[in-house]
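As stored in run-v5.cif (mmCIF, C-alpha atoms and all ligand atoms):
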data_model
loop_
_atom_site.label_atom_id
_atom_site.label_comp_id
_atom_site.auth_asym_id
_atom_site.auth_seq_id
_atom_site.Cartn_x
_atom_site.Cartn_y
_atom_site.Cartn_z
CA ASP W 84 119.53 135.80 90.46
CA GLN W 85 116.17 134.26 91.40
CA ARG W 86 116.60 130.96 93.25
CA VAL W 87 114.40 127.89 93.12
CA VAL W 88 115.20 125.33 95.80
CA ILE W 89 113.72 121.83 95.62
CA ALA W 90 113.57 119.65 98.74
CA GLY W 91 113.77 115.97 97.73
CA ALA W 92 115.86 114.49 94.91
CA GLY W 93 113.50 111.73 93.76
CA LEU W 94 111.60 111.64 90.47
CA ALA W 95 109.33 114.59 91.31
CA GLY W 96 112.21 116.76 92.51
CA ALA W 97 114.50 115.98 89.59
CA GLN W 98 111.70 116.31 87.08
CA THR W 99 110.72 119.71 88.50
CA ALA W 100 114.29 120.91 87.95
CA VAL W 101 114.24 119.64 84.36
CA ARG W 102 110.82 121.17 83.62
CA LEU W 103 111.96 124.53 85.00
CA ARG W 104 114.83 124.63 82.50
CA GLU W 105 112.53 123.51 79.69
CA ALA W 106 110.15 126.34 80.61
CA GLY W 107 113.02 128.81 80.31
CA TRP W 108 113.86 129.38 83.97
CA ALA W 109 117.18 131.25 83.95
CA GLY W 110 117.73 131.53 87.71
CA THR W 111 119.46 128.99 89.89
CA VAL W 112 117.99 125.57 90.59
CA THR W 113 119.19 123.64 93.65
CA VAL W 114 117.96 120.16 94.56
CA VAL W 115 118.51 119.01 98.15
CA GLY W 116 118.35 115.22 98.63
CA ALA W 117 118.75 113.15 101.79
CA GLU W 118 120.07 110.09 99.95
CA ARG W 119 123.69 110.04 98.81
CA HIS W 120 122.75 108.56 95.42
CA ARG W 121 122.14 110.67 92.37
CA PRO W 122 118.40 110.79 91.55
CA TYR W 123 117.09 107.40 90.46
CA ASP W 124 113.89 105.63 89.56
CA ARG W 125 112.18 103.50 92.21
CA PRO W 126 109.99 101.07 90.18
CA PRO W 127 113.02 98.97 89.10
CA LEU W 128 114.00 98.45 92.76
CA SER W 129 111.33 95.78 93.23
CA LYS W 130 111.81 94.42 89.70
CA ASP W 131 115.13 94.37 87.78
CA VAL W 132 117.29 95.43 90.75
CA LEU W 133 115.94 92.67 93.02
CA LEU W 134 116.08 90.20 90.14
CA GLY W 135 119.77 91.05 89.74
CA LYS W 136 119.26 92.34 86.19
CA ALA W 137 120.30 95.92 87.06
CA GLU W 138 122.40 97.58 89.75
CA GLY W 139 120.17 100.63 89.88
CA ALA W 140 118.18 102.96 87.70
CA PRO W 141 119.75 106.44 87.65
CA LEU W 142 117.55 109.03 85.96
CA ASP W 143 118.71 109.87 82.47
CA VAL W 144 119.25 113.57 83.20
CA ASP W 145 122.45 115.57 82.64
CA PHE W 146 122.18 117.83 85.69
CA ASP W 147 125.50 119.59 85.03
CA THR W 148 124.63 120.59 81.47
CA LEU W 149 121.23 121.83 82.63
CA GLY W 150 122.89 123.89 85.36
CA ILE W 151 121.07 122.08 88.15
CA GLU W 152 122.90 121.97 91.47
CA LEU W 153 122.54 118.75 93.46
CA LEU W 154 123.14 118.89 97.21
CA LEU W 155 123.07 115.19 98.08
CA GLY W 156 123.34 113.52 101.48
CA ARG W 157 121.65 116.58 102.88
CA THR W 158 118.36 116.48 104.77
CA ALA W 159 115.80 119.28 104.88
CA THR W 160 114.76 119.89 108.48
CA GLY W 161 112.31 122.79 108.19
CA ILE W 162 111.30 126.01 106.47
CA ASP W 163 112.00 129.50 107.75
CA ALA W 164 109.20 131.21 105.83
CA GLY W 165 110.03 134.70 107.11
CA ALA W 166 113.63 134.52 105.93
CA ARG W 167 112.66 132.43 102.85
CA ALA W 168 115.18 129.72 103.68
CA LEU W 169 115.09 125.94 103.67
CA ARG W 170 116.68 124.63 106.85
CA THR W 171 118.89 121.59 106.39
CA ASP W 172 121.18 119.50 108.57
CA ALA W 173 124.11 121.35 106.98
CA GLY W 174 122.86 124.92 107.14
CA ALA W 175 120.15 127.05 105.58
CA VAL W 176 119.58 127.31 101.82
CA PRO W 177 117.87 130.59 100.83
CA TYR W 178 115.11 130.47 98.20
CA ASP W 179 112.82 132.75 96.29
CA GLN W 180 110.56 129.81 95.41
CA LEU W 181 110.59 126.44 97.15
CA VAL W 182 109.30 123.07 95.93
CA ILE W 183 108.54 120.31 98.44
CA ALA W 184 109.18 116.93 96.80
CA THR W 185 110.22 114.69 99.68
CA GLY W 186 108.07 111.76 98.53
CA ALA W 187 106.92 109.03 100.86
CA GLU W 188 108.40 106.59 103.35
CA ALA W 189 107.50 102.96 103.87
CA LEU W 190 105.24 102.17 106.81
CA ALA W 191 106.81 99.95 109.46
CA LEU W 192 104.95 97.06 111.05
CA PRO W 193 104.15 98.34 114.56
CA GLY W 194 106.48 96.69 117.03
CA SER W 195 108.91 95.39 114.39
CA GLU W 196 111.03 98.52 114.06
CA GLY W 197 114.68 97.73 114.61
CA THR W 198 114.16 93.94 114.67
CA PRO W 199 117.10 92.30 112.85
CA GLY W 200 116.08 90.77 109.51
CA VAL W 201 113.04 93.01 109.04
CA HIS W 202 113.14 95.02 105.82
CA VAL W 203 111.17 97.60 103.91
CA LEU W 204 111.75 98.46 100.25
CA ARG W 205 111.75 102.14 99.41
CA THR W 206 115.35 103.06 98.56
CA LEU W 207 118.29 101.74 96.58
CA ASP W 208 120.01 100.96 99.89
CA ASP W 209 116.95 98.93 101.00
CA ALA W 210 117.16 96.92 97.76
CA ALA W 211 120.90 96.37 98.21
CA ARG W 212 120.24 94.92 101.69
CA LEU W 213 117.42 92.66 100.53
CA ARG W 214 118.89 91.24 97.34
CA PRO W 215 121.66 89.08 98.87
CA LEU W 216 119.08 87.44 101.14
CA LEU W 217 117.04 86.41 98.10
CA THR W 218 120.06 85.07 96.23
CA ALA W 219 121.05 83.14 99.39
CA ARG W 220 117.55 81.62 99.22
CA SER W 221 116.66 82.63 102.76
CA PRO W 222 113.01 81.85 103.49
CA LEU W 223 111.17 85.11 102.89
CA VAL W 224 108.01 86.16 104.70
CA ALA W 225 106.36 89.16 103.05
CA VAL W 226 103.85 91.02 105.17
CA GLY W 227 101.22 92.55 102.87
CA ALA W 228 100.05 91.27 99.47
CA GLY W 229 100.10 94.73 97.91
CA TRP W 230 102.11 95.80 94.87
CA ILE W 231 105.46 95.66 96.70
CA GLY W 232 104.72 92.31 98.37
CA ALA W 233 103.74 90.73 95.05
CA GLU W 234 106.79 92.07 93.21
CA VAL W 235 109.23 91.06 95.94
CA ALA W 236 107.62 87.60 96.06
CA THR W 237 108.16 87.38 92.29
CA ALA W 238 111.85 88.26 92.63
CA ALA W 239 112.36 85.90 95.56
CA ARG W 240 110.80 82.97 93.70
CA ALA W 241 112.92 83.78 90.65
CA ALA W 242 115.96 83.51 92.92
CA GLY W 243 114.68 80.20 94.29
CA ALA W 244 113.89 81.42 97.80
CA PRO W 245 110.89 79.94 99.66
CA VAL W 246 108.20 82.62 99.97
CA THR W 247 105.17 83.11 102.19
CA VAL W 248 103.03 86.20 101.67
CA LEU W 249 100.78 87.17 104.57
CA GLU W 250 97.79 89.38 103.92
CA ALA W 251 95.48 90.50 106.73
CA ALA W 252 92.61 91.18 104.33
CA GLY W 253 90.66 88.43 102.59
CA HIS W 254 92.32 88.87 99.19
CA PRO W 255 95.50 90.28 97.60
CA LEU W 256 95.77 93.96 96.60
CA PRO W 257 92.93 94.88 98.96
CA GLY W 258 93.68 98.59 98.83
CA ALA W 259 93.45 98.80 95.06
CA LEU W 260 91.17 96.17 93.54
CA PRO W 261 87.92 94.37 94.40
CA PRO W 262 88.04 90.67 95.34
CA GLU W 263 86.58 89.35 92.05
CA LEU W 264 89.56 90.83 90.19
CA THR W 265 92.18 89.51 92.52
CA GLU W 266 90.73 86.00 92.73
CA PRO W 267 92.61 84.87 89.57
CA MET W 268 95.80 86.28 91.07
CA ARG W 269 95.83 83.64 93.81
CA GLN W 270 96.77 81.17 91.10
CA TRP W 271 99.69 83.36 90.05
CA TYR W 272 101.21 82.92 93.50
CA ALA W 273 100.54 79.19 93.47
CA ASP W 274 102.04 78.71 90.00
CA ALA W 275 105.17 80.56 91.08
CA GLY W 276 105.46 78.35 94.17
CA ALA W 277 104.76 81.20 96.58
CA GLU W 278 102.38 80.58 99.46
CA LEU W 279 99.73 83.29 99.76
CA ARG W 280 97.85 83.34 103.06
CA THR W 281 94.97 85.78 103.24
CA GLY W 282 93.22 86.63 106.50
CA ALA W 283 96.60 86.11 108.16
CA ARG W 284 97.47 88.58 110.90
CA VAL W 285 100.96 89.00 112.26
CA ALA W 286 101.10 88.91 116.07
CA ALA W 287 104.85 89.40 116.47
CA VAL W 288 108.06 89.49 114.48
CA ARG W 289 111.22 88.15 116.11
CA PRO W 290 114.67 87.54 114.65
CA GLY W 291 114.26 84.46 112.45
CA GLU W 292 110.51 84.01 112.84
CA VAL W 293 107.08 85.50 112.43
CA GLU W 294 104.26 84.63 114.81
CA LEU W 295 100.69 84.72 113.53
CA ASP W 296 97.58 85.48 115.54
CA GLY W 297 96.73 82.10 117.02
CA GLY W 298 100.36 81.27 117.75
CA GLU W 299 101.56 79.63 114.53
CA LEU W 300 105.29 80.25 113.90
CA LEU W 301 106.79 80.75 110.46
CA PRO W 302 110.58 80.56 109.95
CA ALA W 303 111.84 83.72 108.22
CA GLY W 304 115.37 84.36 107.03
CA ALA W 305 114.06 87.75 105.96
CA VAL W 306 110.84 89.63 106.59
CA LEU W 307 109.71 92.18 104.04
CA VAL W 308 107.12 94.62 105.34
CA GLY W 309 105.07 95.96 102.43
CA ILE W 310 102.05 97.52 104.09
CA GLY W 311 102.02 100.90 102.41
CA SER W 312 103.68 104.27 102.61
CA ARG W 313 102.98 107.70 104.03
CA PRO W 314 104.07 111.17 102.91
CA ALA W 315 107.55 112.10 104.16
CA THR W 316 106.42 115.38 105.70
CA GLY W 317 107.39 115.05 109.36
CA TRP W 318 110.16 117.59 108.78
CA LEU W 319 107.54 120.26 107.98
CA ALA W 320 106.11 120.33 111.52
CA GLY W 321 105.93 123.93 112.71
CA SER W 322 106.93 125.33 109.32
CA GLY W 323 103.52 126.82 108.53
CA VAL W 324 102.86 124.49 105.59
CA GLU W 325 99.35 123.11 105.94
CA LEU W 326 99.12 119.32 105.99
CA ALA W 327 96.05 117.13 105.33
CA ALA W 328 94.86 114.48 107.80
CA ASP W 329 96.76 111.79 105.83
CA GLY W 330 100.03 113.66 106.38
CA SER W 331 100.28 114.96 102.82
CA VAL W 332 101.04 118.58 102.02
CA ARG W 333 97.69 120.21 101.22
CA ALA W 334 98.35 121.68 97.80
CA ASP W 335 95.80 123.52 95.66
CA ASP W 336 94.94 122.68 92.06
CA ARG W 337 98.12 124.51 90.90
CA LEU W 338 100.18 122.56 93.46
CA ARG W 339 100.68 125.68 95.58
CA THR W 340 100.88 125.21 99.34
CA SER W 341 99.56 127.45 102.11
CA LEU W 342 102.91 129.31 102.21
CA PRO W 343 103.56 131.93 99.50
CA GLY W 344 106.13 130.82 96.92
CA VAL W 345 106.10 127.21 98.18
CA TYR W 346 104.85 124.31 96.02
CA ALA W 347 104.47 120.57 96.63
CA VAL W 348 104.51 117.70 94.13
CA GLY W 349 104.74 113.90 93.90
CA ASP W 350 104.11 111.34 96.66
CA CYS W 351 104.25 113.98 99.43
CA ALA W 352 101.41 116.16 98.12
CA SER W 353 97.63 115.88 97.79
CA PHE W 354 95.62 118.10 95.48
CA PRO W 355 91.92 118.76 94.84
CA SER W 356 90.63 116.99 91.74
CA ALA W 357 87.65 118.55 89.95
CA ARG W 358 87.48 115.39 87.84
CA TYR W 359 86.88 113.20 90.90
CA GLY W 360 85.30 115.81 93.18
CA ARG W 361 87.73 115.08 95.98
CA ARG W 362 91.29 115.54 97.18
CA LEU W 363 93.71 112.94 95.80
CA LEU W 364 96.94 111.61 97.27
CA VAL W 365 98.57 109.54 94.52
CA HIS W 366 101.60 107.35 95.25
CA HIS W 367 102.50 106.41 91.68
CA TRP W 368 105.37 107.11 89.33
CA ASP W 369 103.25 108.79 86.64
CA ASN W 370 102.02 111.44 89.11
CA ALA W 371 105.61 112.28 90.11
CA LEU W 372 106.48 112.55 86.42
CA ALA W 373 103.53 114.71 85.35
CA GLY W 374 102.98 117.03 88.33
CA PRO W 375 106.28 118.92 87.91
CA ALA W 376 105.12 120.51 84.64
CA THR W 377 102.38 122.33 86.58
CA VAL W 378 104.85 123.54 89.23
CA ALA W 379 107.34 124.73 86.60
CA ALA W 380 104.56 126.54 84.71
CA GLN W 381 103.50 128.32 87.90
CA ILE W 382 107.03 129.37 88.84
CA THR W 383 107.89 130.61 85.36
CA GLY W 384 104.42 132.01 84.64
CA THR W 385 104.34 130.19 81.30
CA ALA W 386 100.92 128.57 81.79
CA ASP W 387 98.13 128.50 84.34
CA THR W 388 96.12 125.30 84.19
CA ALA W 389 94.87 123.07 86.98
CA TYR W 390 96.60 119.76 87.66
CA ASP W 391 93.87 117.12 87.35
CA PRO W 392 95.26 113.89 85.89
CA VAL W 393 93.65 110.51 85.38
CA PRO W 394 95.79 108.45 87.80
CA TYR W 395 97.78 105.63 86.21
CA PHE W 396 100.09 102.93 87.50
CA TRP W 397 101.51 99.56 86.60
CA SER W 398 103.01 96.54 88.30
CA GLU W 399 105.06 93.62 87.04
CA GLN W 400 104.30 90.47 89.00
CA PHE W 401 104.61 86.74 88.37
CA GLY W 402 105.43 87.35 84.70
CA ARG W 403 102.41 89.59 84.15
CA PHE W 404 102.10 93.25 83.31
CA VAL W 405 99.26 94.70 85.38
CA GLN W 406 98.08 98.24 84.65
CA TYR W 407 95.35 100.43 86.05
CA ALA W 408 94.05 103.85 85.00
CA GLY W 409 91.26 106.00 86.43
CA ARG W 410 89.29 105.43 89.62
CA HIS W 411 86.34 103.12 90.03
CA ALA W 412 83.57 103.46 92.58
CA PRO W 413 81.90 100.51 94.34
CA HIS W 414 78.62 100.99 92.43
CA ASP W 415 80.23 101.19 88.97
CA THR W 416 79.42 98.31 86.59
CA LEU W 417 82.33 95.92 86.11
CA LEU W 418 82.78 94.42 82.61
CA TRP W 419 85.24 91.60 81.84
CA ARG W 420 87.18 91.58 78.58
CA GLY W 421 88.52 88.07 78.38
CA ASP W 422 88.24 85.24 80.87
CA PRO W 423 90.89 84.92 83.57
CA ALA W 424 89.80 81.33 84.14
CA ALA W 425 90.71 80.47 80.53
CA GLY W 426 94.26 79.81 81.58
CA SER W 427 96.70 80.82 84.22
CA ALA W 428 99.79 80.81 82.01
CA PRO W 429 101.49 84.18 81.58
CA GLY W 430 100.07 85.72 78.44
CA ALA W 431 96.49 84.65 79.18
CA ALA W 432 95.41 88.24 78.91
CA TRP W 433 92.28 89.92 80.24
CA SER W 434 91.13 93.30 81.32
CA VAL W 435 88.26 94.91 83.16
CA CYS W 436 86.34 98.13 82.54
CA TRP W 437 84.22 100.04 85.03
CA LEU W 438 81.30 102.07 83.64
CA ASP W 439 79.28 104.50 85.73
CA GLY W 440 75.47 104.69 85.67
CA ALA W 441 75.55 106.79 82.47
CA GLY W 442 77.87 104.33 80.71
CA VAL W 443 80.92 106.60 81.05
CA LEU W 444 84.21 104.71 81.32
CA ARG W 445 85.66 105.38 84.78
CA ALA W 446 88.56 102.95 85.09
CA VAL W 447 90.42 100.16 83.31
CA CYS W 448 92.55 97.38 84.77
CA ALA W 449 94.53 95.37 82.21
CA VAL W 450 96.59 92.22 82.61
CA ASP W 451 98.90 91.83 79.60
CA ARG W 452 96.53 93.92 77.46
CA PRO W 453 98.47 97.20 77.25
CA ARG W 454 96.39 98.36 74.29
CA ASP W 455 93.21 98.26 76.39
CA LEU W 456 94.99 100.36 78.96
CA ALA W 457 96.32 102.94 76.49
CA GLN W 458 93.00 103.30 74.68
CA GLY W 459 90.99 103.19 77.91
CA ARG W 460 93.09 105.89 79.49
CA ARG W 461 92.37 108.28 76.63
CA LEU W 462 88.66 107.43 76.75
CA ILE W 463 88.59 108.11 80.49
CA GLU W 464 90.32 111.47 79.96
CA ARG W 465 87.64 112.39 77.41
CA GLY W 466 84.78 111.17 79.62
CA ALA W 467 83.71 108.83 76.79
CA ARG W 468 80.57 106.70 77.01
CA LEU W 469 80.88 103.04 75.95
CA ASP W 470 78.43 100.44 74.70
CA PRO W 471 78.53 97.84 77.47
CA VAL W 472 78.04 94.92 75.07
CA ARG W 473 80.87 95.95 72.76
CA ALA W 474 83.09 96.94 75.69
CA ALA W 475 82.70 93.42 77.08
CA ASP W 476 83.88 91.86 73.80
CA PRO W 477 87.67 91.49 73.94
CA ALA W 478 87.75 91.23 70.13
CA VAL W 479 86.45 94.82 69.82
CA PRO W 480 89.19 97.42 70.37
CA LEU W 481 88.15 99.53 73.33
CA LYS W 482 88.35 102.71 71.28
CA ASN W 483 85.65 101.27 68.97
CA ALA W 484 83.35 100.32 71.84
P1 LIG D 1 110.37 109.69 96.16
O1 LIG D 1 110.68 108.79 95.03
O2 LIG D 1 110.05 109.08 97.49
O3 LIG D 1 111.57 110.72 96.33
C1 LIG D 1 111.66 111.59 97.42
C2 LIG D 1 113.10 111.80 97.77
O4 LIG D 1 113.17 112.79 98.78
C3 LIG D 1 113.78 110.57 98.33
O5 LIG D 1 115.01 110.36 97.69
C4 LIG D 1 113.98 110.90 99.81
O6 LIG D 1 115.16 110.33 100.35
C5 LIG D 1 114.09 112.39 99.76
N1 LIG D 1 113.75 113.02 101.04
C6 LIG D 1 112.79 112.66 101.92
N2 LIG D 1 112.77 113.48 102.99
C7 LIG D 1 113.76 114.37 102.76
C8 LIG D 1 114.24 115.49 103.50
N3 LIG D 1 113.69 115.85 104.66
N4 LIG D 1 115.26 116.20 102.97
C9 LIG D 1 115.81 115.87 101.78
N5 LIG D 1 115.40 114.82 101.06
C10 LIG D 1 114.37 114.09 101.54
N6 LIG D 1 104.83 103.36 90.84
C11 LIG D 1 104.24 102.90 89.73
O7 LIG D 1 103.39 103.59 89.15
N7 LIG D 1 104.57 101.68 89.19
C12 LIG D 1 105.48 100.86 89.78
O8 LIG D 1 105.75 99.77 89.28
C13 LIG D 1 106.11 101.30 90.98
N8 LIG D 1 107.02 100.53 91.60
C14 LIG D 1 107.58 100.96 92.76
C15 LIG D 1 108.50 100.12 93.41
C16 LIG D 1 109.08 100.52 94.61
C17 LIG D 1 110.04 99.61 95.30
C18 LIG D 1 108.74 101.78 95.18
C19 LIG D 1 109.34 102.23 96.49
C20 LIG D 1 107.84 102.61 94.54
C21 LIG D 1 107.26 102.21 93.31
N9 LIG D 1 106.34 103.03 92.65
C22 LIG D 1 105.75 102.58 91.49
C23 LIG D 1 105.99 104.37 93.17
C24 LIG D 1 106.90 105.47 92.61
O9 LIG D 1 108.23 105.06 92.63
C25 LIG D 1 106.71 106.73 93.42
O10 LIG D 1 105.39 107.18 93.22
C26 LIG D 1 107.70 107.83 93.03
O11 LIG D 1 109.00 107.44 93.36
C27 LIG D 1 107.37 109.14 93.73
O12 LIG D 1 108.36 110.08 93.45
P2 LIG D 1 108.67 111.29 94.45
O13 LIG D 1 109.81 112.02 93.84
O14 LIG D 1 107.42 111.99 94.75
O15 LIG D 1 109.11 110.61 95.82
#
As structure tokens, please, write out the structure in this file.
Ligand code: FAD
Amino acid sequence: DQRVVIAGAGLAGAQTAVRLREAGWAGTVTVVGAERHRPYDRPPLSKDVLLGKAEGAPLDVDFDTLGIELLLGRTATGIDAGARALRTDAGAVPYDQLVIATGAEALALPGSEGTPGVHVLRTLDDAARLRPLLTARSPLVAVGAGWIGAEVATAARAAGAPVTVLEAAGHPLPGALPPELTEPMRQWYADAGAELRTGARVAAVRPGEVELDGGELLPAGAVLVGIGSRPATGWLAGSGVELAADGSVRADDRLRTSLPGVYAVGDCASFPSARYGRRLLVHHWDNALAGPATVAAQITGTADTAYDPVPYFWSEQFGRFVQYAGRHAPHDTLLWRGDPAAGSAPGAAWSVCWLDGAGVLRAVCAVDRPRDLAQGRRLIERGARLDPVRAADPAVPLKNA
């Protein structure tokens, strides 16, 4: 029997197992996961789970019926490429083909590791530790006004906890969006009663307080560090799998790694994009959902096409549904559809399109305009050219621009 072993039981790992069966793989499929929980979805952790609306979000997959073996609470520690075996903390697991899907881990604030009351939010266990602090209305200091910081601030305010969000950059979501787009978002924080402080650098975190550069002290019943994530690939050191400078597994356009019979997919892997002319490392749910089809096709030999998606993600913050598809460049022309200043109430919808010099739609960011996102995403995939005047008219459906 041919054996596929998958390291990592998150969305990408579980989805690879499912796609293999769908593609007709008749050999064994074994998924090795460090967490004790059955595979679950992470986006709800910072939304419904923190809001107390859900206990968790197990993936809707019947692993037993599909004949997928789950080895949970088991950590991959290396690869013995010569023997074709995945090393784990509970013995070696032999493979014919191996899929690396160990995802990403939250970055810690340097110097704050191990400080009581300092949290990150990556796992179900992290969410279970954080939630009682919100319901107890402990003053929360979130470090980083990124996607996680904004969503945790939303949940904390919904629970009635005082919230301060500290952002070292001059505006929220600095890694993802330009300042003119995030300017209206300041009001979202204010309306929710959360204090957003940009240009605020943390000097030290101590139990019960955060010290800013300049000496100001903020009381903190809980500190949430949301400053980004990095590929969980430390365990691959010395295994012969080539890593990129950002720590991701360097996959090719079929998601193959530098070791024969070894693939990588999801948050842990970067891949060359012909569409964008560069290597991409995508830390979003949709990439972990879509990439596994390419891996399964390679392993089963059922198809041979390059993986080159238009990246997509969403966020739910302060009662808004924020979505983004594509990639914009600094010199792209930014067009507004709708006026964010027209009102700050949830439901005051707007979106933004980026066109390149030839008028080709490169990216869309939509706030409560999911139709713009859905239509824009398809137009981006097709490389469609838009009329800038029509595209800037929110009354004109994007697909007719
Ligand atoms: P992961 O989900 O990280 O899964 C990897 C698994 O491998 C983990 O269970 C890990 O424990 C395990 N593992 C790691 N190392 C080892 C090892 N050595 N041995 C065995 N197992 C190991 N994306 C969006 O697009 N929209 C959102 O709204 C959104 N919200 C999010 C909210 C939160 C709180 C978080 C944390 C992420 C969110 N994301 C969102 C991102 C999205 O969840 C990730 O892109 C997705 O989970 C990636 O899936 P993955 O399987 O590649 O990695």
Task: Nearest to Arg102 of chain W, chosen from W:Ala334, W:Ala175, W:Ala373, W:Ala315, with all atoms listed in the file counted in the distances - done: W:Ala373
TODO: Write out as an MDAnalysis selection string the residues lying within 10 Å of Trp368 of chain W, counting all atoms listed in the file and excluding same-chain residues fewer than 4 positions away.
DONE: chainID W and resid 94:95 124:126 349:350 372:373 394:397
Would you mind exporting C-alpha atoms of the selected residues as a PDB file, keeping the file's coordinate frame?
ATOM      1  CA  LEU W  94     111.600 111.640  90.470  1.00  0.00           C
ATOM      2  CA  ALA W  95     109.330 114.590  91.310  1.00  0.00           C
ATOM      3  CA  ASP W 124     113.890 105.630  89.560  1.00  0.00           C
ATOM      4  CA  ARG W 125     112.180 103.500  92.210  1.00  0.00           C
ATOM      5  CA  PRO W 126     109.990 101.070  90.180  1.00  0.00           C
ATOM      6  CA  GLY W 349     104.740 113.900  93.900  1.00  0.00           C
ATOM      7  CA  ASP W 350     104.110 111.340  96.660  1.00  0.00           C
ATOM      8  CA  LEU W 372     106.480 112.550  86.420  1.00  0.00           C
ATOM      9  CA  ALA W 373     103.530 114.710  85.350  1.00  0.00           C
ATOM     10  CA  PRO W 394      95.790 108.450  87.800  1.00  0.00           C
ATOM     11  CA  TYR W 395      97.780 105.630  86.210  1.00  0.00           C
ATOM     12  CA  PHE W 396     100.090 102.930  87.500  1.00  0.00           C
ATOM     13  CA  TRP W 397     101.510  99.560  86.600  1.00  0.00           C
TER      14      TRP W 397
END
TODO: Would you please work out which residue, of W:Gly276, W:Gly409, W:Gly402, W:Pro314, is nearest to ligand LIG 1 (chain D) when using all atoms listed in the file?
DONE: W:Pro314
TODO: Could I get the residue neighbourhood of ligand LIG 1 (chain D) at 7 Å, counting only C-alpha atoms and all ligand atoms, as number ranges by chain?
DONE: W: 90-96, 115-118, 124-129, 157-160, 184-188, 204-206, 231, 315, 318, 348-351, 366-371, 395-399
Create the file for the chosen residues now, containing C-alpha atoms and written as a PDB file, keeping the file's coordinate frame.
ATOM      1  CA  ALA W  90     113.570 119.650  98.740  1.00  0.00           C
ATOM      2  CA  GLY W  91     113.770 115.970  97.730  1.00  0.00           C
ATOM      3  CA  ALA W  92     115.860 114.490  94.910  1.00  0.00           C
ATOM      4  CA  GLY W  93     113.500 111.730  93.760  1.00  0.00           C
ATOM      5  CA  LEU W  94     111.600 111.640  90.470  1.00  0.00           C
ATOM      6  CA  ALA W  95     109.330 114.590  91.310  1.00  0.00           C
ATOM      7  CA  GLY W  96     112.210 116.760  92.510  1.00  0.00           C
ATOM      8  CA  VAL W 115     118.510 119.010  98.150  1.00  0.00           C
ATOM      9  CA  GLY W 116     118.350 115.220  98.630  1.00  0.00           C
ATOM     10  CA  ALA W 117     118.750 113.150 101.790  1.00  0.00           C
ATOM     11  CA  GLU W 118     120.070 110.090  99.950  1.00  0.00           C
ATOM     12  CA  ASP W 124     113.890 105.630  89.560  1.00  0.00           C
ATOM     13  CA  ARG W 125     112.180 103.500  92.210  1.00  0.00           C
ATOM     14  CA  PRO W 126     109.990 101.070  90.180  1.00  0.00           C
ATOM     15  CA  PRO W 127     113.020  98.970  89.100  1.00  0.00           C
ATOM     16  CA  LEU W 128     114.000  98.450  92.760  1.00  0.00           C
ATOM     17  CA  SER W 129     111.330  95.780  93.230  1.00  0.00           C
ATOM     18  CA  ARG W 157     121.650 116.580 102.880  1.00  0.00           C
ATOM     19  CA  THR W 158     118.360 116.480 104.770  1.00  0.00           C
ATOM     20  CA  ALA W 159     115.800 119.280 104.880  1.00  0.00           C
ATOM     21  CA  THR W 160     114.760 119.890 108.480  1.00  0.00           C
ATOM     22  CA  ALA W 184     109.180 116.930  96.800  1.00  0.00           C
ATOM     23  CA  THR W 185     110.220 114.690  99.680  1.00  0.00           C
ATOM     24  CA  GLY W 186     108.070 111.760  98.530  1.00  0.00           C
ATOM     25  CA  ALA W 187     106.920 109.030 100.860  1.00  0.00           C
ATOM     26  CA  GLU W 188     108.400 106.590 103.350  1.00  0.00           C
ATOM     27  CA  LEU W 204     111.750  98.460 100.250  1.00  0.00           C
ATOM     28  CA  ARG W 205     111.750 102.140  99.410  1.00  0.00           C
ATOM     29  CA  THR W 206     115.350 103.060  98.560  1.00  0.00           C
ATOM     30  CA  ILE W 231     105.460  95.660  96.700  1.00  0.00           C
ATOM     31  CA  ALA W 315     107.550 112.100 104.160  1.00  0.00           C
ATOM     32  CA  TRP W 318     110.160 117.590 108.780  1.00  0.00           C
ATOM     33  CA  VAL W 348     104.510 117.700  94.130  1.00  0.00           C
ATOM     34  CA  GLY W 349     104.740 113.900  93.900  1.00  0.00           C
ATOM     35  CA  ASP W 350     104.110 111.340  96.660  1.00  0.00           C
ATOM     36  CA  CYS W 351     104.250 113.980  99.430  1.00  0.00           C
ATOM     37  CA  HIS W 366     101.600 107.350  95.250  1.00  0.00           C
ATOM     38  CA  HIS W 367     102.500 106.410  91.680  1.00  0.00           C
ATOM     39  CA  TRP W 368     105.370 107.110  89.330  1.00  0.00           C
ATOM     40  CA  ASP W 369     103.250 108.790  86.640  1.00  0.00           C
ATOM     41  CA  ASN W 370     102.020 111.440  89.110  1.00  0.00           C
ATOM     42  CA  ALA W 371     105.610 112.280  90.110  1.00  0.00           C
ATOM     43  CA  TYR W 395      97.780 105.630  86.210  1.00  0.00           C
ATOM     44  CA  PHE W 396     100.090 102.930  87.500  1.00  0.00           C
ATOM     45  CA  TRP W 397     101.510  99.560  86.600  1.00  0.00           C
ATOM     46  CA  SER W 398     103.010  96.540  88.300  1.00  0.00           C
ATOM     47  CA  GLU W 399     105.060  93.620  87.040  1.00  0.00           C
TER      48      GLU W 399
END
TODO: Please provide the set of residues having any atom within 8 Å of segment 189-202 of chain W, restricted to only C-alpha atoms, with same-chain residues fewer than 4 positions apart removed, written as a PyMOL selection string.
DONE: chain W and resi 209+213+287-291+304-313
Task: From W:Ala478, W:Leu134, W:Ala320, W:Ala408, residue lying nearest Ala446 of chain W [only C-alpha atoms] - done: W:Ala408
Box centre and edge lengths (Å, one decimal), axis-aligned, segment 100-114 of chain W plus 6 Å each side, as AutoDock Vina command-line options:
--center_x 114.8 --center_y 125.6 --center_z 87.1 --size_x 21.3 --size_y 23.9 --size_z 26.9
